[in-house]
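Structure, as structure tokens:
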Amino acid sequence: MSTRIRTILVIALGLMMATSIGCGGGGSSSDSGTPPPAGSALPARMLSWEAPTSYVDTTAMNPVTDLDRFEIHVNETGAFTDADAPMAEVTAVDPATRTLTTSFNLANLSPHVTVGPKYYVSLRAVALTGLKSDYSQPVSFSF
């Protein structure tokens, strides 16, 4: 696939510009700064984004009909390459409700992520044709 097609196709994933990571959930989590006991669940850290509505060349797109999934890439450096495998994938559209997926709980990446290290996360949108966007701007999080 040519770089030009890939760049044109998918999406100035400036969608991560609207990304926020924060505590979710309610109840009692490790909000006190004390790490959870070994073997317990990680506290919620919600990654949220806005679905793209246009391609890089400004052609309008309908994310409900044009997108297949979002790839979630996580590492400790913040540098991502085409050779990196995603740590998780989520469907772009919930098949039951036909609504766009716009969030993911990073705690679901356990045991691949743990309490302590600073991680970086970046998204890629994947079209139904298989073409992938560039990586979004990485944002950091930790547990």
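Chain lettering (A, B, ...) mirrors the order of the structure tokens, residue numbering begins at 1 for each chain separately, and ligand numbering begins at 1 in order of display.
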Tyr119 (chain A) surroundings by only C-alpha atoms, 12 Å radius, close-in-sequence under 3 positions cut, as a PyMOL selection string: chain A and resi 21+45+73-79+106+109+112-116+122+138-143
As a check of understanding: the span from CA of Thr53 (chain A) to CA of Ser133 (chain A) is 13.0 Å
Practice problem: Figure out the distance between CA of Asp84 (chain A) and CA of Ala107 (chain A), please, to one decimal in Å. | Solution: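 Pair CA of Ala107 (chain A) / CA of Asp84 (chain A) returns 20.3 Å.
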Can you tell me, as a short mmCIF file (atom, residue, chain, number, x, y, z; two decimals) with N, CA and C atoms, in the first residue's frame, which residues in region 50-119 of chain A count as strand (DSSP E) by DSSP?
data_model
loop_
_atom_site.label_atom_id
_atom_site.label_comp_id
_atom_site.auth_asym_id
_atom_site.auth_seq_id
_atom_site.Cartn_x
_atom_site.Cartn_y
_atom_site.Cartn_z
N LEU A 67 -14.93 2.77 9.40
CA LEU A 67 -13.90 2.25 10.29
C LEU A 67 -14.19 0.82 10.75
N ASP A 68 -13.13 0.05 10.91
CA ASP A 68 -13.24 -1.32 11.41
C ASP A 68 -12.92 -1.39 12.90
N ARG A 69 -11.78 -0.79 13.29
CA ARG A 69 -11.34 -0.92 14.68
C ARG A 69 -10.34 0.19 15.03
N PHE A 70 -10.05 0.25 16.32
CA PHE A 70 -8.98 1.09 16.83
C PHE A 70 -7.95 0.16 17.45
N GLU A 71 -6.68 0.41 17.14
CA GLU A 71 -5.59 -0.32 17.76
C GLU A 71 -5.05 0.53 18.89
N ILE A 72 -4.80 -0.10 20.03
CA ILE A 72 -4.26 0.60 21.19
C ILE A 72 -2.84 0.10 21.41
N HIS A 73 -1.90 1.01 21.26
CA HIS A 73 -0.48 0.68 21.40
C HIS A 73 0.04 1.30 22.69
N VAL A 74 0.79 0.51 23.46
CA VAL A 74 1.32 0.96 24.74
C VAL A 74 2.77 0.52 24.86
N ASN A 75 3.62 1.43 25.34
CA ASN A 75 4.99 1.07 25.68
C ASN A 75 5.53 2.08 26.68
N ALA A 88 -3.90 -3.96 22.38
CA ALA A 88 -5.33 -4.26 22.39
C ALA A 88 -5.96 -3.68 21.14
N GLU A 89 -7.11 -4.22 20.78
CA GLU A 89 -7.91 -3.69 19.68
C GLU A 89 -9.36 -3.63 20.13
N VAL A 90 -10.06 -2.59 19.71
CA VAL A 90 -11.49 -2.48 19.99
C VAL A 90 -12.21 -2.20 18.68
N THR A 91 -13.38 -2.77 18.54
CA THR A 91 -14.16 -2.51 17.33
C THR A 91 -14.55 -1.05 17.30
N SER A 103 -13.99 4.94 24.04
CA SER A 103 -13.21 4.85 25.28
C SER A 103 -12.76 3.42 25.52
N PHE A 104 -11.75 3.31 26.38
CA PHE A 104 -11.19 2.00 26.73
C PHE A 104 -10.56 2.13 28.11
N ASN A 105 -10.80 1.15 28.97
CA ASN A 105 -10.21 1.13 30.31
C ASN A 105 -8.83 0.49 30.21
N TYR A 119 3.79 4.73 31.38
CA TYR A 119 3.52 4.17 30.06
C TYR A 119 3.05 5.28 29.13
#
Quiz prompt | Nearest candidate to Ala92 (chain A) (options A:Gln137, A:Thr65, A:Ser48, A:Thr129; using only C-alpha atoms) | solution =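 Checking each candidate against Ala92 (chain A), we get A:Thr65 as the closest.
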